[in-house]
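In what follows, a structure is listed as structure tokens, so that the remarks can point back to it.
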Amino acid sequence: MSEKINQPDCSIVIPVYNEEKIVGEAITRLDAFLRDKDVRYEIIAVNDGSSDNSHEELKKLRLDSLRVISHPHNRGYGAALKTGVSESVARKVLFYDADGQHKPDEVMRLIVESIDYDMVVGSRQGYQGPGWRQPGKKFINLLANYLVSFKIPDLNSGLRIVSKKKFEQFEHLYPNGFSLSTTITLAFIKHGFTVKYIPITIEPRVGNSSVRITDGFKAIQLVLR
């Protein structure tokens, strides 16, 4: 009985790959914001084989809410999320990026909305990355909208909260790369799960993105499949 009482309302999974400049600050800000809120939470940072000092920065953090898990080598964004979900204990799992783009106050909005939905996604407004990426993102988004007959404002947003139980139903489909966000979106919508998008604002990321052109081609193949 005591385990259920102390079980967190939400497990926050943060994939980390070469984010030494910002990861400590990002997690500290998030924890400080949530500490005074009426929510029980845990933070799971998954260091995905970073080649910089991200692991050392994570070890410096002394937060009761934080657990750090490390992959011995880089396996991919999706693999890091899957590891975090497998280690989580709450019924709701929230994905939060380590690059400084997300604002802690947006997290509470998603948690509140998730009471009535299987997945709630932050739809990014304004800045969404380098210009060279935009045509490909728009094409993939239009294709996905057409195939599932659902208006998807932001197909691959990194800020979302999902039912852990329903996330695990499609785990065999999730790729290890960035396309996990696309896959889970299409899977939830096609199976009739309740999905809601809420507008969020983001900050420019700190450091360089690890997204490559090949990730876009993989996403197109995945949408068609």
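In the structure tokens, the first chain shown is A, the next is B, and so on; residue numbers restart at 1 for each chain, and ligands run from 1 in the order shown.
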Next item on the list: Could you give me, as a ChimeraX atom specification, the residues within 10 Å of Val13 (chain A), counting only C-alpha atoms and dropping anything in the same chain fewer than 2 positions from it?
Entry: /A:10-11,15-16,42-46,67,80-85,87-88,93-98,161
Next item on the list: Please report, as a VMD selection string, each residue of region 8-214 of chain A to which DSSP assigns helix (DSSP H, G or I) when run on this structure's backbone.
Entry: chain A and resid 23 to 35 54 to 60 77 to 87 104 to 113 131 to 148 164 to 169 171 to 173 180 to 190 213 to 214
Export of the given selection (C-alpha atoms) as a short mmCIF file (atom, residue, chain, number, x, y, z; two decimals), in the first residue's frame:
```
data_model
loop_
_atom_site.label_atom_id
_atom_site.label_comp_id
_atom_site.auth_asym_id
_atom_site.auth_seq_id
_atom_site.Cartn_x
_atom_site.Cartn_y
_atom_site.Cartn_z
CA VAL A 23 22.04 19.53 -19.27
CA GLY A 24 22.86 20.40 -15.66
CA GLU A 25 21.05 23.72 -15.82
CA ALA A 26 18.07 22.25 -17.70
CA ILE A 27 17.46 19.51 -15.14
CA THR A 28 18.09 21.77 -12.15
CA ARG A 29 15.57 24.34 -13.44
CA LEU A 30 12.99 21.66 -14.07
CA ASP A 31 13.40 20.13 -10.61
CA ALA A 32 13.30 23.54 -8.89
CA PHE A 33 10.07 24.43 -10.69
CA LEU A 34 8.30 21.15 -9.91
CA ARG A 35 9.45 20.91 -6.30
CA SER A 54 27.55 15.13 -20.23
CA HIS A 55 27.92 12.14 -17.92
CA GLU A 56 30.21 14.10 -15.60
CA GLU A 57 27.74 16.99 -15.54
CA LEU A 58 24.93 14.60 -14.61
CA LYS A 59 26.99 13.09 -11.80
CA LYS A 60 27.45 16.56 -10.28
CA TYR A 77 17.18 9.12 -29.25
CA GLY A 78 14.45 6.51 -29.44
CA ALA A 79 16.56 3.92 -27.65
CA ALA A 80 17.19 6.39 -24.81
CA LEU A 81 13.46 7.05 -24.44
CA LYS A 82 12.68 3.33 -24.41
CA THR A 83 15.28 2.75 -21.71
CA GLY A 84 13.82 5.56 -19.62
CA VAL A 85 10.28 4.25 -19.97
CA SER A 86 11.34 0.73 -19.00
CA GLU A 87 12.92 2.12 -15.81
CA PRO A 104 9.52 23.90 -17.05
CA ASP A 105 6.15 25.62 -16.71
CA GLU A 106 4.93 23.86 -19.87
CA VAL A 107 5.36 20.53 -18.08
CA MET A 108 2.57 21.22 -15.60
CA ARG A 109 0.20 22.09 -18.44
CA LEU A 110 0.83 18.72 -20.07
CA ILE A 111 0.46 16.85 -16.78
CA VAL A 112 -2.91 18.50 -16.05
CA GLU A 113 -4.23 17.85 -19.58
CA GLY A 131 15.85 26.57 -42.20
CA TRP A 132 17.26 23.68 -44.25
CA ARG A 133 15.14 21.28 -42.19
CA GLN A 134 11.80 23.01 -42.71
CA PRO A 135 10.82 21.81 -46.23
CA GLY A 136 11.40 18.17 -45.27
CA LYS A 137 9.51 18.55 -42.00
CA LYS A 138 6.55 20.14 -43.76
CA PHE A 139 6.44 17.35 -46.34
CA ILE A 140 6.55 14.60 -43.72
CA ASN A 141 3.90 16.36 -41.67
CA LEU A 142 1.56 16.77 -44.66
CA LEU A 143 2.05 13.13 -45.62
CA ALA A 144 1.31 11.93 -42.09
CA ASN A 145 -1.79 14.14 -41.86
CA TYR A 146 -3.10 12.71 -45.11
CA LEU A 147 -2.48 9.07 -44.20
CA VAL A 148 -4.15 9.18 -40.78
CA LYS A 164 3.07 4.16 -20.07
CA LYS A 165 0.78 1.17 -20.57
CA LYS A 166 -0.25 2.31 -24.05
CA PHE A 167 3.30 3.36 -24.97
CA GLU A 168 4.42 -0.20 -24.28
CA GLN A 169 1.77 -1.67 -26.61
CA GLU A 171 7.28 -0.80 -28.29
CA HIS A 172 8.09 -3.40 -30.95
CA LEU A 173 7.48 -0.73 -33.60
CA LEU A 180 10.17 7.36 -32.43
CA SER A 181 8.22 10.59 -31.98
CA THR A 182 6.67 10.15 -35.42
CA THR A 183 5.91 6.47 -34.85
CA ILE A 184 4.17 6.90 -31.52
CA THR A 185 2.07 9.76 -32.89
CA LEU A 186 0.79 7.74 -35.85
CA ALA A 187 0.31 4.57 -33.79
CA PHE A 188 -1.79 6.32 -31.14
CA ILE A 189 -3.96 8.13 -33.70
CA LYS A 190 -4.51 5.08 -35.94
CA ILE A 213 19.38 14.60 -43.27
CA THR A 214 19.26 10.80 -43.23
#
```
Next item on the list: Write down as a PyMOL selection string the residues of region 44-153 of chain A whose backbone DSSP state falls under strand (DSSP E or B).
Entry: chain A and resi 44-48+66-71+92-95+119-125
Notebook entry, point to check: Could you state the separation of CA of Asn176 (chain A) and CA of Ile12 (chain A) in Å, given to one decimal place?
Noted result: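 So the answer is 18.7 Å.
The spacing separating CA of Ser157 (chain A) from CA of Lys21 (chain A) amounts to 21.8 Å.
Counting from CA of Asp154 (chain A), the distance to CA of Ser123 (chain A) is 5.2 Å.
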